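Dumped start_34.cif below, it's mmCIF, C-alpha atoms:
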data_final
loop_
_atom_site.label_atom_id
_atom_site.label_comp_id
_atom_site.auth_asym_id
_atom_site.auth_seq_id
_atom_site.Cartn_x
_atom_site.Cartn_y
_atom_site.Cartn_z
CA MET T 1 130.57 150.54 100.15
CA ASP T 2 133.17 150.67 97.36
CA ILE T 3 132.97 147.34 95.59
CA ALA T 4 135.01 145.72 92.82
CA VAL T 5 133.36 143.01 90.73
CA LEU T 6 135.89 140.99 88.76
CA GLY T 7 134.36 139.52 85.63
CA THR T 8 132.19 140.91 82.83
CA GLY T 9 129.99 137.88 82.13
CA THR T 10 126.43 137.33 83.28
CA VAL T 11 127.38 136.81 86.93
CA GLY T 12 129.61 139.88 87.07
CA ARG T 13 127.07 142.11 85.33
CA THR T 14 124.17 140.88 87.45
CA LEU T 15 126.01 141.43 90.73
CA ALA T 16 127.48 144.75 89.64
CA GLY T 17 124.10 146.03 88.49
CA LYS T 18 122.32 145.04 91.68
CA LEU T 19 125.07 146.34 93.99
CA SER T 20 125.01 149.65 92.13
CA GLU T 21 121.23 149.78 92.38
CA LEU T 22 121.57 149.24 96.15
CA GLY T 23 123.70 152.39 96.35
CA HIS T 24 127.20 150.92 96.38
CA VAL T 25 129.88 152.42 94.19
CA VAL T 26 130.87 149.65 91.81
CA VAL T 27 133.86 149.20 89.53
CA VAL T 28 133.90 146.17 87.26
CA GLY T 29 137.33 144.68 86.68
CA THR T 30 138.45 143.09 83.43
CA ARG T 31 141.76 142.17 81.83
CA ASP T 32 141.66 144.82 79.13
CA PRO T 33 138.80 147.36 79.32
CA GLN T 34 139.29 148.60 75.76
CA ALA T 35 139.06 145.07 74.39
CA THR T 36 135.98 144.35 76.55
CA ILE T 37 134.20 147.47 75.31
CA ALA T 38 135.26 146.86 71.70
CA ARG T 39 133.55 143.44 71.52
CA LYS T 40 130.56 143.61 69.21
CA ASP T 41 129.28 140.02 69.28
CA ALA T 42 127.09 138.21 71.77
CA ASP T 43 129.09 135.90 74.03
CA ALA T 44 128.90 132.08 74.05
CA MET T 45 125.83 132.28 76.30
CA GLY T 46 124.03 134.62 73.91
CA ASN T 47 124.44 137.70 76.11
CA PRO T 48 124.74 141.03 74.36
CA PRO T 49 128.21 142.57 74.30
CA TYR T 50 129.42 144.30 77.46
CA ALA T 51 129.20 147.74 75.84
CA VAL T 52 125.41 147.37 75.60
CA TRP T 53 125.17 146.56 79.31
CA GLN T 54 127.62 149.37 80.11
CA ALA T 55 125.47 151.91 78.29
CA GLU T 56 122.52 150.87 80.45
CA HIS T 57 124.58 151.14 83.65
CA PRO T 58 126.48 154.44 83.39
CA ALA T 59 127.15 154.51 87.14
CA VAL T 60 129.29 151.39 86.90
CA ARG T 61 132.85 152.02 85.78
CA LEU T 62 134.98 149.49 83.90
CA ALA T 63 138.68 149.26 84.83
CA PRO T 64 141.62 146.86 84.66
CA PHE T 65 141.58 144.16 87.37
CA ALA T 66 144.25 145.91 89.46
CA GLU T 67 142.56 149.32 89.40
CA ALA T 68 139.20 147.77 90.30
CA ALA T 69 140.68 145.74 93.15
CA ASP T 70 142.56 148.76 94.47
CA PHE T 71 139.27 150.67 94.51
CA GLY T 72 137.12 148.07 96.25
CA GLU T 73 136.82 147.54 99.98
CA LEU T 74 135.12 144.32 98.98
CA VAL T 75 136.15 142.37 95.90
CA VAL T 76 133.76 139.94 94.21
CA VAL T 77 135.30 137.07 92.23
CA ALA T 78 132.73 136.63 89.46
CA THR T 79 134.93 135.24 86.70
CA ASN T 80 134.69 131.74 85.29
CA GLY T 81 136.22 129.51 87.95
CA SER T 82 139.03 128.53 85.60
CA GLY T 83 139.99 132.22 85.40
CA SER T 84 139.63 133.16 89.09
CA LEU T 85 143.25 132.69 90.10
CA ASP T 86 144.52 134.53 87.00
CA ALA T 87 142.15 137.43 87.60
CA LEU T 88 143.32 137.78 91.20
CA THR T 89 146.94 137.55 90.18
CA LEU T 90 146.36 140.43 87.77
CA ALA T 91 144.42 142.26 90.49
CA GLY T 92 147.59 142.13 92.56
CA GLU T 93 148.31 140.83 96.04
CA GLU T 94 148.79 144.37 97.38
CA ASN T 95 145.31 145.37 96.19
CA LEU T 96 143.70 142.37 97.89
CA ALA T 97 145.41 142.49 101.27
CA GLY T 98 142.88 142.93 104.05
CA LYS T 99 139.97 143.00 101.60
CA VAL T 100 136.85 140.89 101.84
CA LEU T 101 137.06 138.56 98.84
CA LEU T 102 133.61 137.23 98.00
CA ASP T 103 134.15 134.19 95.78
CA VAL T 104 131.04 133.20 93.85
CA SER T 105 132.90 131.26 91.14
CA ASN T 106 132.75 127.53 90.50
CA PRO T 107 135.63 125.21 89.57
CA LEU T 108 133.92 123.94 86.41
CA ASP T 109 135.99 122.27 83.72
CA PHE T 110 134.17 122.30 80.38
CA SER T 111 137.13 120.89 78.44
CA GLN T 112 135.39 117.52 78.04
CA GLY T 113 132.01 119.04 77.20
CA PHE T 114 128.76 119.01 79.15
CA PRO T 115 128.23 118.30 81.95
CA PRO T 116 131.49 119.84 83.16
CA SER T 117 133.68 118.15 85.75
CA LEU T 118 135.32 119.96 88.69
CA PHE T 119 139.00 120.87 88.45
CA VAL T 120 139.31 120.92 92.25
CA LYS T 121 137.13 119.02 94.73
CA ASP T 122 136.72 116.76 97.70
CA THR T 123 139.90 117.42 99.71
CA ASP T 124 140.32 121.00 98.45
CA SER T 125 138.22 123.75 96.90
CA LEU T 126 138.61 126.73 94.63
CA ALA T 127 137.90 129.06 97.55
CA GLU T 128 140.73 127.50 99.54
CA GLN T 129 143.05 127.75 96.53
CA LEU T 130 142.32 131.48 96.31
CA GLN T 131 142.85 131.91 100.05
CA ARG T 132 146.21 130.08 99.93
CA ALA T 133 147.35 132.19 96.97
CA PHE T 134 146.30 135.44 98.71
CA PRO T 135 146.67 134.79 102.44
CA ALA T 136 146.10 138.43 103.39
CA ALA T 137 142.69 138.50 101.70
CA ARG T 138 139.62 137.47 103.69
CA VAL T 139 137.91 134.93 101.43
CA VAL T 140 134.21 134.16 101.83
CA LYS T 141 132.49 131.64 99.58
CA SER T 142 128.84 132.22 98.83
CA LEU T 143 126.14 132.40 96.15
CA ASN T 144 127.81 129.83 93.85
CA THR T 145 124.84 127.46 94.30
CA MET T 146 122.33 129.41 92.20
CA THR T 147 122.01 131.21 88.90
CA ALA T 148 123.00 134.89 88.81
CA ALA T 149 119.48 136.29 88.62
CA VAL T 150 118.49 134.35 91.75
CA MET T 151 121.63 135.48 93.63
CA VAL T 152 120.45 139.08 93.57
CA ASP T 153 116.68 138.49 93.49
CA PRO T 154 115.85 135.41 95.57
CA GLY T 155 112.19 136.39 95.56
CA ARG T 156 111.81 135.36 91.94
CA VAL T 157 111.96 131.70 93.03
CA SER T 158 109.20 130.54 95.37
CA GLY T 159 108.98 133.96 97.04
CA GLY T 160 112.55 133.62 98.32
CA GLU T 161 111.83 130.51 100.39
CA HIS T 162 115.24 128.88 99.88
CA SER T 163 118.74 128.80 101.32
CA VAL T 164 122.15 130.32 100.66
CA PHE T 165 125.45 129.22 102.21
CA VAL T 166 128.50 131.10 103.47
CA SER T 167 131.94 129.66 104.26
CA GLY T 168 134.98 131.53 105.49
CA ASP T 169 137.69 131.79 108.13
CA ASP T 170 137.13 135.47 109.00
CA PRO T 171 133.95 136.12 111.04
CA GLU T 172 133.89 139.86 110.27
CA ALA T 173 134.24 139.21 106.54
CA LYS T 174 131.38 136.73 106.72
CA ARG T 175 129.28 139.26 108.60
CA ILE T 176 129.79 141.81 105.83
CA VAL T 177 128.86 139.26 103.16
CA VAL T 178 125.78 138.15 105.11
CA GLY T 179 124.72 141.81 105.19
CA LEU T 180 124.90 141.97 101.40
CA LEU T 181 122.98 138.70 101.07
CA GLU T 182 120.24 140.08 103.27
CA ASP T 183 120.17 143.27 101.20
CA PHE T 184 119.62 141.09 98.14
CA GLY T 185 116.64 139.57 99.93
CA HIS T 186 118.01 136.27 101.20
CA THR T 187 116.24 135.17 104.36
CA ASP T 188 117.85 131.77 105.06
CA VAL T 189 121.62 132.30 105.20
CA ILE T 190 123.40 129.20 106.51
CA ASP T 191 126.91 129.67 107.89
CA LEU T 192 128.59 126.35 107.10
CA GLY T 193 131.75 127.19 109.03
CA ASP T 194 135.38 127.70 108.02
CA LEU T 195 136.54 128.03 104.42
CA SER T 196 137.09 124.28 103.99
CA THR T 197 133.31 123.92 104.13
CA ALA T 198 133.22 125.59 100.68
CA ARG T 199 133.97 122.11 99.32
CA GLY T 200 130.34 121.24 100.03
CA PRO T 201 128.64 124.01 98.00
CA GLU T 202 131.21 123.61 95.20
CA MET T 203 130.61 119.85 94.99
CA TYR T 204 126.88 120.50 94.88
CA LEU T 205 127.29 121.88 91.35
CA PRO T 206 127.01 118.51 89.56
CA LEU T 207 123.62 118.04 91.22
CA TRP T 208 122.64 121.63 90.37
CA LEU T 209 123.52 121.08 86.72
CA ARG T 210 121.43 117.92 86.48
CA LEU T 211 118.55 119.57 88.32
CA MET T 212 118.64 122.41 85.82
CA GLY T 213 118.13 119.79 83.10
CA CYS T 214 115.15 118.23 84.94
CA VAL T 215 113.50 121.44 86.07
CA GLY T 216 114.02 122.91 82.63
CA THR T 217 115.16 126.28 83.93
CA PRO T 218 118.01 127.70 86.03
CA PHE T 219 115.44 129.54 88.14
CA PHE T 220 115.34 127.15 91.06
CA ASN T 221 117.21 126.67 94.32
CA ILE T 222 117.28 124.35 97.29
CA LYS T 223 115.79 125.02 100.68
CA VAL T 224 117.25 123.25 103.67
CA VAL T 225 114.19 122.04 105.58
CA ARG T 226 114.58 121.02 109.21
CA MET F 1 107.33 91.99 96.81
CA ASP F 2 110.21 89.77 97.91
CA ILE F 3 113.03 92.11 98.89
CA ALA F 4 116.64 91.58 99.92
CA VAL F 5 118.33 94.28 101.99
CA LEU F 6 122.10 93.92 102.00
CA GLY F 7 123.63 95.40 105.15
CA THR F 8 122.85 95.11 108.85
CA GLY F 9 123.70 98.66 109.97
CA THR F 10 121.28 101.49 110.66
CA VAL F 11 120.36 101.99 107.02
CA GLY F 12 119.77 98.30 106.37
CA ARG F 13 117.72 97.81 109.53
CA THR F 14 115.63 100.92 108.95
CA LEU F 15 114.79 100.01 105.36
CA ALA F 16 114.20 96.34 106.18
CA GLY F 17 111.91 97.22 109.07
CA LYS F 18 109.83 99.67 107.07
CA LEU F 19 109.57 97.43 104.00
CA SER F 20 108.44 94.55 106.21
CA GLU F 21 105.90 96.82 107.90
CA LEU F 22 104.57 97.75 104.45
CA GLY F 23 103.85 94.08 103.78
CA HIS F 24 106.88 93.05 101.76
CA VAL F 25 108.71 89.83 102.57
CA VAL F 26 112.19 90.91 103.56
CA VAL F 27 115.43 88.99 103.92
CA VAL F 28 118.44 90.88 105.25
CA GLY F 29 121.75 89.83 103.74
CA THR F 30 125.03 89.73 105.64
CA ARG F 31 128.42 88.12 105.15
CA ASP F 32 128.09 85.62 108.00
CA PRO F 33 124.69 85.47 109.73
CA GLN F 34 126.01 83.54 112.74
CA ALA F 35 128.71 86.15 113.35
CA THR F 36 126.18 88.99 112.90
CA ILE F 37 123.81 87.43 115.44
CA ALA F 38 126.63 86.59 117.85
CA ARG F 39 127.77 90.23 118.20
CA LYS F 40 127.01 91.49 121.69
CA ASP F 41 128.39 95.06 121.56
CA ALA F 42 126.91 98.24 120.20
CA ASP F 43 128.40 99.23 116.84
CA ALA F 44 130.64 102.26 116.20
CA MET F 45 127.50 104.44 115.88
CA GLY F 46 126.17 103.30 119.25
CA ASN F 47 123.43 101.11 117.78
CA PRO F 48 122.44 98.01 119.75
CA PRO F 49 123.63 94.68 118.36
CA TYR F 50 121.74 93.21 115.42
CA ALA F 51 120.32 90.40 117.57
CA VAL F 52 118.34 92.95 119.57
CA TRP F 53 116.82 94.42 116.41
CA GLN F 54 116.21 90.93 115.01
CA ALA F 55 114.24 89.94 118.12
CA GLU F 56 111.99 92.95 117.57
CA HIS F 57 111.49 92.08 113.88
CA PRO F 58 110.76 88.35 113.78
CA ALA F 59 109.25 88.59 110.28
CA VAL F 60 112.60 89.63 108.82
CA ARG F 61 114.95 86.76 108.13
CA LEU F 62 118.76 87.04 108.17
CA ALA F 63 120.70 85.13 105.49
CA PRO F 64 124.04 85.13 103.73
CA PHE F 65 124.33 87.74 100.95
CA ALA F 66 123.87 85.15 98.18
CA GLU F 67 120.78 83.57 99.72
CA ALA F 68 119.22 86.98 100.33
CA ALA F 69 119.94 88.17 96.79
CA ASP F 70 118.60 84.94 95.32
CA PHE F 71 115.39 85.51 97.29
CA GLY F 72 114.80 89.15 96.40
CA GLU F 73 113.07 90.43 93.30
CA LEU F 74 114.50 93.75 94.38
CA VAL F 75 117.88 94.04 96.12
CA VAL F 76 118.73 97.06 98.26
CA VAL F 77 122.41 97.94 98.64
CA ALA F 78 122.49 99.33 102.17
CA THR F 79 126.06 98.52 103.14
CA ASN F 80 128.77 101.08 103.80
CA GLY F 81 129.75 102.37 100.38
CA SER F 82 133.23 100.94 100.77
CA GLY F 83 131.66 97.50 101.15
CA SER F 84 129.03 97.69 98.41
CA LEU F 85 131.02 96.02 95.65
CA ASP F 86 132.23 93.25 97.97
CA ALA F 87 128.70 92.58 99.20
CA LEU F 88 127.40 92.30 95.64
CA THR F 89 130.29 90.04 94.65
CA LEU F 90 129.36 87.73 97.52
CA ALA F 91 125.70 88.04 96.53
CA GLY F 92 126.69 86.60 93.18
CA GLU F 93 126.20 87.81 89.63
CA GLU F 94 123.65 85.02 88.92
CA ASN F 95 121.50 86.17 91.85
CA LEU F 96 121.51 89.79 90.66
CA ALA F 97 120.80 89.30 86.96
CA GLY F 98 117.60 91.05 85.94
CA LYS F 99 116.99 92.29 89.49
CA VAL F 100 116.25 95.88 90.46
CA LEU F 101 119.30 96.97 92.46
CA LEU F 102 118.41 99.95 94.63
CA ASP F 103 121.71 101.53 95.66
CA VAL F 104 121.36 103.83 98.67
CA SER F 105 125.04 103.65 99.67
CA ASN F 106 127.55 106.49 99.58
CA PRO F 107 131.20 106.34 98.49
CA LEU F 108 132.51 107.75 101.77
CA ASP F 109 136.15 107.25 102.70
CA PHE F 110 136.69 107.71 106.44
CA SER F 111 140.35 106.63 106.34
CA GLN F 112 141.53 110.21 106.92
CA GLY F 113 138.95 110.93 109.62
CA PHE F 114 135.99 113.30 109.56
CA PRO F 115 134.70 114.72 107.32
CA PRO F 116 135.16 111.78 104.97
CA SER F 117 136.25 112.22 101.36
CA LEU F 118 134.70 110.38 98.41
CA PHE F 119 136.51 107.38 96.95
CA VAL F 120 134.77 107.89 93.59
CA LYS F 121 133.37 111.14 92.22
CA ASP F 122 133.01 113.69 89.46
CA THR F 123 133.56 111.60 86.30
CA ASP F 124 132.26 108.38 87.84
CA SER F 125 130.04 107.27 90.72
CA LEU F 126 129.59 104.30 93.02
CA ALA F 127 126.27 103.52 91.33
CA GLU F 128 127.98 103.36 87.95
CA GLN F 129 130.74 101.16 89.39
CA LEU F 130 128.11 98.71 90.64
CA GLN F 131 126.32 98.75 87.28
CA ARG F 132 129.55 98.08 85.37
CA ALA F 133 130.45 95.21 87.71
CA PHE F 134 126.95 93.67 87.36
CA PRO F 135 125.72 94.67 83.90
CA ALA F 136 122.66 92.38 84.07
CA ALA F 137 121.36 94.10 87.21
CA ARG F 138 119.13 97.17 86.87
CA VAL F 139 120.74 99.72 89.15
CA VAL F 140 118.75 102.65 90.52
CA LYS F 141 120.36 105.22 92.80
CA SER F 142 118.14 106.87 95.37
CA LEU F 143 117.71 107.87 99.02
CA ASN F 144 121.45 108.39 99.64
CA THR F 145 120.87 112.10 100.30
CA MET F 146 119.17 111.76 103.68
CA THR F 147 119.52 109.93 106.97
CA ALA F 148 117.93 106.50 107.26
CA ALA F 149 114.99 107.55 109.44
CA VAL F 150 114.02 110.24 106.91
CA MET F 151 114.33 107.80 103.97
CA VAL F 152 111.41 105.74 105.29
CA ASP F 153 109.51 108.49 107.11
CA PRO F 154 109.84 111.75 105.19
CA GLY F 155 107.00 113.25 107.21
CA ARG F 156 109.21 113.58 110.27
CA VAL F 157 111.01 116.51 108.59
CA SER F 158 108.84 119.52 107.75
CA GLY F 159 105.79 117.38 107.09
CA GLY F 160 107.55 115.68 104.18
CA GLU F 161 107.99 118.90 102.20
CA HIS F 162 111.33 117.96 100.63
CA SER F 163 112.80 116.16 97.65
CA VAL F 164 114.30 112.78 96.79
CA PHE F 165 116.22 111.89 93.63
CA VAL F 166 116.30 108.82 91.40
CA SER F 167 118.90 107.97 88.74
CA GLY F 168 119.02 104.90 86.54
CA ASP F 169 119.20 103.56 83.01
CA ASP F 170 116.17 101.23 83.25
CA PRO F 171 112.81 103.07 83.22
CA GLU F 172 110.86 100.08 84.60
CA ALA F 173 113.34 99.65 87.49
CA LYS F 174 113.01 103.36 88.28
CA ARG F 175 109.23 103.06 88.20
CA ILE F 176 109.38 100.26 90.78
CA VAL F 177 111.68 102.28 93.02
CA VAL F 178 109.51 105.38 92.70
CA GLY F 179 106.56 103.26 93.84
CA LEU F 180 108.47 102.29 96.99
CA LEU F 181 109.46 105.92 97.61
CA GLU F 182 105.83 106.95 97.36
CA ASP F 183 104.85 104.14 99.74
CA PHE F 184 107.40 105.58 102.21
CA GLY F 185 105.60 108.93 101.89
CA HIS F 186 107.85 110.85 99.51
CA THR F 187 105.86 113.37 97.52
CA ASP F 188 108.58 115.14 95.47
CA VAL F 189 110.49 112.44 93.58
CA ILE F 190 112.83 113.97 91.01
CA ASP F 191 114.01 111.72 88.18
CA LEU F 192 117.46 113.09 87.38
CA GLY F 193 117.93 110.89 84.32
CA ASP F 194 120.35 108.08 83.49
CA LEU F 195 122.65 106.42 86.00
CA SER F 196 125.50 108.89 85.39
CA THR F 197 123.33 111.51 87.09
CA ALA F 198 123.97 109.63 90.37
CA ARG F 199 127.24 111.58 90.49
CA GLY F 200 125.19 114.60 91.55
CA PRO F 201 123.47 113.14 94.62
CA GLU F 202 126.68 111.34 95.63
CA MET F 203 128.72 114.55 95.40
CA TYR F 204 126.09 116.32 97.47
CA LEU F 205 127.26 114.34 100.52
CA PRO F 206 130.05 116.75 101.53
CA LEU F 207 127.43 119.52 101.74
CA TRP F 208 125.05 117.21 103.62
CA LEU F 209 127.75 116.38 106.17
CA ARG F 210 128.52 120.06 106.82
CA LEU F 211 124.83 120.90 107.00
CA MET F 212 124.38 118.18 109.62
CA GLY F 213 127.03 119.99 111.66
CA CYS F 214 125.25 123.36 111.28
CA VAL F 215 121.71 122.15 111.76
CA GLY F 216 122.85 120.03 114.68
CA THR F 217 120.83 116.98 113.67
CA PRO F 218 120.66 114.55 110.74
CA PHE F 219 116.91 115.11 110.58
CA PHE F 220 116.85 117.55 107.71
CA ASN F 221 116.66 117.40 103.94
CA ILE F 222 116.64 119.69 100.94
CA LYS F 223 113.62 120.74 98.95
CA VAL F 224 114.12 121.78 95.36
CA VAL F 225 112.04 124.93 95.02
CA ARG F 226 111.07 126.16 91.57
#
Could you show the structure in this file as structure tokens?
Amino acid sequence: MDIAVLGTGTVGRTLAGKLSELGHVVVVGTRDPQATIARKDADAMGNPPYAVWQAEHPAVRLAPFAEAADFGELVVVATNGSGSLDALTLAGEENLAGKVLLDVSNPLDFSQGFPPSLFVKDTDSLAEQLQRAFPAARVVKSLNTMTAAVMVDPGRVSGGEHSVFVSGDDPEAKRIVVGLLEDFGHTDVIDLGDLSTARGPEMYLPLWLRLMGCVGTPFFNIKVVR
Amino acid sequence: MDIAVLGTGTVGRTLAGKLSELGHVVVVGTRDPQATIARKDADAMGNPPYAVWQAEHPAVRLAPFAEAADFGELVVVATNGSGSLDALTLAGEENLAGKVLLDVSNPLDFSQGFPPSLFVKDTDSLAEQLQRAFPAARVVKSLNTMTAAVMVDPGRVSGGEHSVFVSGDDPEAKRIVVGLLEDFGHTDVIDLGDLSTARGPEMYLPLWLRLMGCVGTPFFNIKVVR
């Protein structure tokens, strides 16, 4: 499949790399490719500059948001949550119409420090905001409940014995996303229902963040036992 | 231990019954014991009237909130979340001072129907509200992330292979609560940290509510795998 991954941080790189490895043709979208490639310093999380990652992944092309979105049959929103709406606006409504929009971003507000609060919650969600802004896109929320490395390699935590959620209004779009999740190795995919159910996984983040502190590593997940 | 359980609904009855069975002396607190006993109809959840339960649990005494709280060394807040602060106000600051206050309630607002929203969240929590209102009490949040029957009998879901959280500012109060959790059969008790971490388990409720819809039963829980 032709896939656009919007975002050049850890989440974007991890998803782009894995999707490419699985045989998909991947274009990573960014605001300004030349500026992204020109960066020489590690980012705030200590990750090496994008150019280093790019050199290791020659099959993945970097392009402006709009070009990437135009290319992809499926578009992954892997920006910081605070930048998701901007990135999609730059991607362009016409390049998103009819596309599966896999939103893995979280509405985290770090403006008051750590732990972050949520800039949308409870009676609304970031996924619903994106869907309202781009009604012709087919938004599916998933994967936002775990760290990037676990998204694409669930087996590295407890042999993959844990759960992942999907929310969305379009059954076919969800089916396509579930196929990708299974390709990543997820074995317990829980369809929560329509897109409003994305409020649940997004509001789980405050618990996730505290658990990360207790467990001492982001390499954990939850398993729904029943 | 002498324990007060505030609340006569499913959660209160379930906890009171189990604590009594474990050998604790339990007094259930309610606003007006005579009115509680006089009710002849099933409640909104279809539970039989309290008098029926009372007849089956003669060792558990029913008393006004203040009398129950005065009696208990440990006070369990098992009211509807919207009634927690009122119940504690009626219990009386002098009867709560120095006591372990185990808050299992959730800040659910059903005024707009189902699913409920949360009347406090994100930068505050119900547990913190209770602690601020009764600074001499030692509030511990726990057990709010599962249905009542699973709180006291974790083994009924997946042999007990799942997790329970505790949050609180007082280490000794948390130690006492963890002891009760272990007596109930919980084997994976995760200490999230200070009382502000209760925001996490409280904000997990929207996901819990949607999962209940998917799983088709409230008899499930999450296990933190790492």
Exercise: Glu161 of chain F partners within 12 Å, all atoms listed in the file, chain neighbours under 2 positions left out, as a tab-separated table (two decimals) with C-alpha atoms, in the coordinates of the input:
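selection_17.tsv written:
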chain	number	residue	atom	x	y	z
T	222	ILE	CA	117.28	124.35	97.29
T	223	LYS	CA	115.79	125.02	100.68
T	224	VAL	CA	117.25	123.25	103.67
T	225	VAL	CA	114.19	122.04	105.58
T	226	ARG	CA	114.58	121.02	109.21
F	150	VAL	CA	114.02	110.24	106.91
F	153	ASP	CA	109.51	108.49	107.11
F	154	PRO	CA	109.84	111.75	105.19
F	155	GLY	CA	107.00	113.25	107.21
F	156	ARG	CA	109.21	113.58	110.27
F	157	VAL	CA	111.01	116.51	108.59
F	158	SER	CA	108.84	119.52	107.75
F	159	GLY	CA	105.79	117.38	107.09
F	163	SER	CA	112.80	116.16	97.65
F	164	VAL	CA	114.30	112.78	96.79
F	185	GLY	CA	105.60	108.93	101.89
F	186	HIS	CA	107.85	110.85	99.51
F	187	THR	CA	105.86	113.37	97.52
F	188	ASP	CA	108.58	115.14	95.47
F	189	VAL	CA	110.49	112.44	93.58
F	220	PHE	CA	116.85	117.55	107.71
F	221	ASN	CA	116.66	117.40	103.94
F	222	ILE	CA	116.64	119.69	100.94
F	223	LYS	CA	113.62	120.74	98.95
F	224	VAL	CA	114.12	121.78	95.36
F	225	VAL	CA	112.04	124.93	95.02
Quick one: which chain F residues come within 10 Å of chain T, and what is the nearest atom pair for each with the distance in Å to one decimal, counting only C-alpha atoms, rows ordered by chain and ascending number, as CSV?
residue,atom,partner,partner_atom,distance
F:Pro115,CA,T:Thr123,CA,9.6
F:Pro116,CA,T:Asp122,CA,8.9
F:Ser117,CA,T:Asp122,CA,5.9
F:Leu118,CA,T:Asp122,CA,6.7
F:Phe119,CA,T:Asp122,CA,9.4
F:Val120,CA,T:Asp122,CA,10.0
F:Lys121,CA,T:Asp122,CA,8.5
F:Asp122,CA,T:Ser117,CA,5.8
F:Thr123,CA,T:Ser117,CA,6.6
F:Arg156,CA,T:Arg226,CA,9.2
F:Val157,CA,T:Arg226,CA,5.8
F:Ser158,CA,T:Arg226,CA,6.1
F:Gly159,CA,T:Val225,CA,9.7
F:Gly160,CA,T:Val225,CA,9.3
F:Glu161,CA,T:Val225,CA,7.7
F:His162,CA,T:Val225,CA,7.0
F:Ser163,CA,T:Ile222,CA,9.3
F:Phe165,CA,T:Leu211,CA,9.6
F:Ile190,CA,T:Cys214,CA,7.8
F:Asp191,CA,T:Cys214,CA,7.4
F:Leu192,CA,T:Cys214,CA,6.1
F:Gly193,CA,T:Cys214,CA,7.9
F:Ser196,CA,T:Arg210,CA,10.0
F:Thr197,CA,T:Arg210,CA,6.7
F:Ala198,CA,T:Leu207,CA,8.5
F:Arg199,CA,T:Pro206,CA,7.0
F:Gly200,CA,T:Leu207,CA,3.8
F:Pro201,CA,T:Leu207,CA,6.0
F:Glu202,CA,T:Leu207,CA,8.6
F:Met203,CA,T:Met203,CA,5.6
F:Tyr204,CA,T:Tyr204,CA,5.0
F:Leu205,CA,T:Gly200,CA,7.6
F:Pro206,CA,T:Gly200,CA,4.7
F:Leu207,CA,T:Gly200,CA,3.8
F:Trp208,CA,T:Gly200,CA,7.6
F:Leu209,CA,T:Gly200,CA,8.2
F:Arg210,CA,T:Leu192,CA,6.3
F:Leu211,CA,T:Leu192,CA,6.6
F:Met212,CA,T:Leu192,CA,9.5
F:Gly213,CA,T:Leu192,CA,8.0
F:Cys214,CA,T:Leu192,CA,6.1
F:Val215,CA,T:Arg226,CA,7.7
F:Gly216,CA,T:Arg226,CA,10.0
F:Thr217,CA,T:Arg226,CA,8.7
F:Pro218,CA,T:Arg226,CA,9.0
F:Phe219,CA,T:Arg226,CA,6.5
F:Phe220,CA,T:Arg226,CA,4.4
F:Asn221,CA,T:Val225,CA,5.5
F:Ile222,CA,T:Val224,CA,4.5
F:Lys223,CA,T:Lys223,CA,5.1
F:Val224,CA,T:Ile222,CA,4.5
F:Val225,CA,T:Asn221,CA,5.5
F:Arg226,CA,T:Phe220,CA,4.4
Chain and number of each residue from the PyMOL selection byres ((chain F and resi 138) around 8), as a ChimeraX atom specification: /F:98-101,131,135-137,139-140,168-170,173
Would you give the centre and edge lengths, in Å to one decimal, of a box along x, y and z around the listed atoms of segment 124-137 of chain F, with 8 Å added to each side, as JSON?
{"center_x": 126.8, "center_y": 100.4, "center_z": 88.5, "size_x": 26.9, "size_y": 32.0, "size_z": 25.1}
Might you spell out which residues the PyMOL selection byres ((chain F and resi 177) around 10) would select in the displayed file, as a ChimeraX atom specification? /F:74,100-102,140-142,166,171-176,178-183
What does the distance between atom CA of Pro64 of chain T and atom CA of Val27 of chain T come to in Å, to one decimal place? 9.5 Å
Between atom CA of Arg61 of chain F and atom CA of Gly9 of chain F, measure the distance and give it in Å to one decimal.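 Calculated distance between atom CA of Arg61 of chain F and atom CA of Gly9 of chain F is 14.9 Å.
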Go ahead and compute the interatomic distance for atom CA of Tyr50 of chain T and atom CA of Ala4 of chain T, in Å to one decimal.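 Between atom CA of Tyr50 of chain T and atom CA of Ala4 of chain T the gap works out to 16.4 Å.
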Just the residues within 8 Å of His24 of chain T, please, counting all atoms listed in the file, with nothing from its chain fewer than 3 positions along; format it as a list in words.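 Result of the neighbour search: Met1, Asp2, Ile3, Leu19, Ser20 and Glu21 of chain T.
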Expand the PyMOL selection byres ((chain T and resi 51) around 12) into the individual residues it matches in the shown file, reporting them as a list in words.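 Checking the PyMOL selection byres ((chain T and resi 51) around 12) against this file, the residues are Thr8, Gly9, Arg13, Pro33, Gln34, Ala35, Thr36, Ile37, Ala38, Arg39, Lys40, Asp41, Ala42, Asp43, Asn47, Pro48, Pro49, Tyr50, Val52, Trp53, Gln54, Ala55, Glu56, His57, Pro58, Val60, Arg61 and Leu62 of chain T.
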Between F:Val25, F:Leu6, F:Leu85, F:Val76, single out the one closest to Asp103 of chain F, counting only C-alpha atoms.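 So, comparing all the options, the nearest one is F:Val76.
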Given the choices F:Thr89, F:Ser167, F:Thr145, F:Asn95, which gets closest to Glu67 of chain F if the distance is worked out from all atoms listed in the file?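 Selected residue with least distance to Glu67 of chain F: F:Asn95.
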10 Å contact set for Ala78 of chain F, only C-alpha atoms, chain neighbours under 4 positions out, as a list in words: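 Non-adjacent residues within range: Ala4, Val5, Leu6, Gly7, Thr8, Gly9, Thr10, Val11, Gly12, Arg13, Thr14, Leu15, Ala16, Val28, Gly29, Gly83, Ser84, Ala87, Leu102, Asp103, Val104, Ser105, Asn106, Asn144 and Ala148 of chain F.
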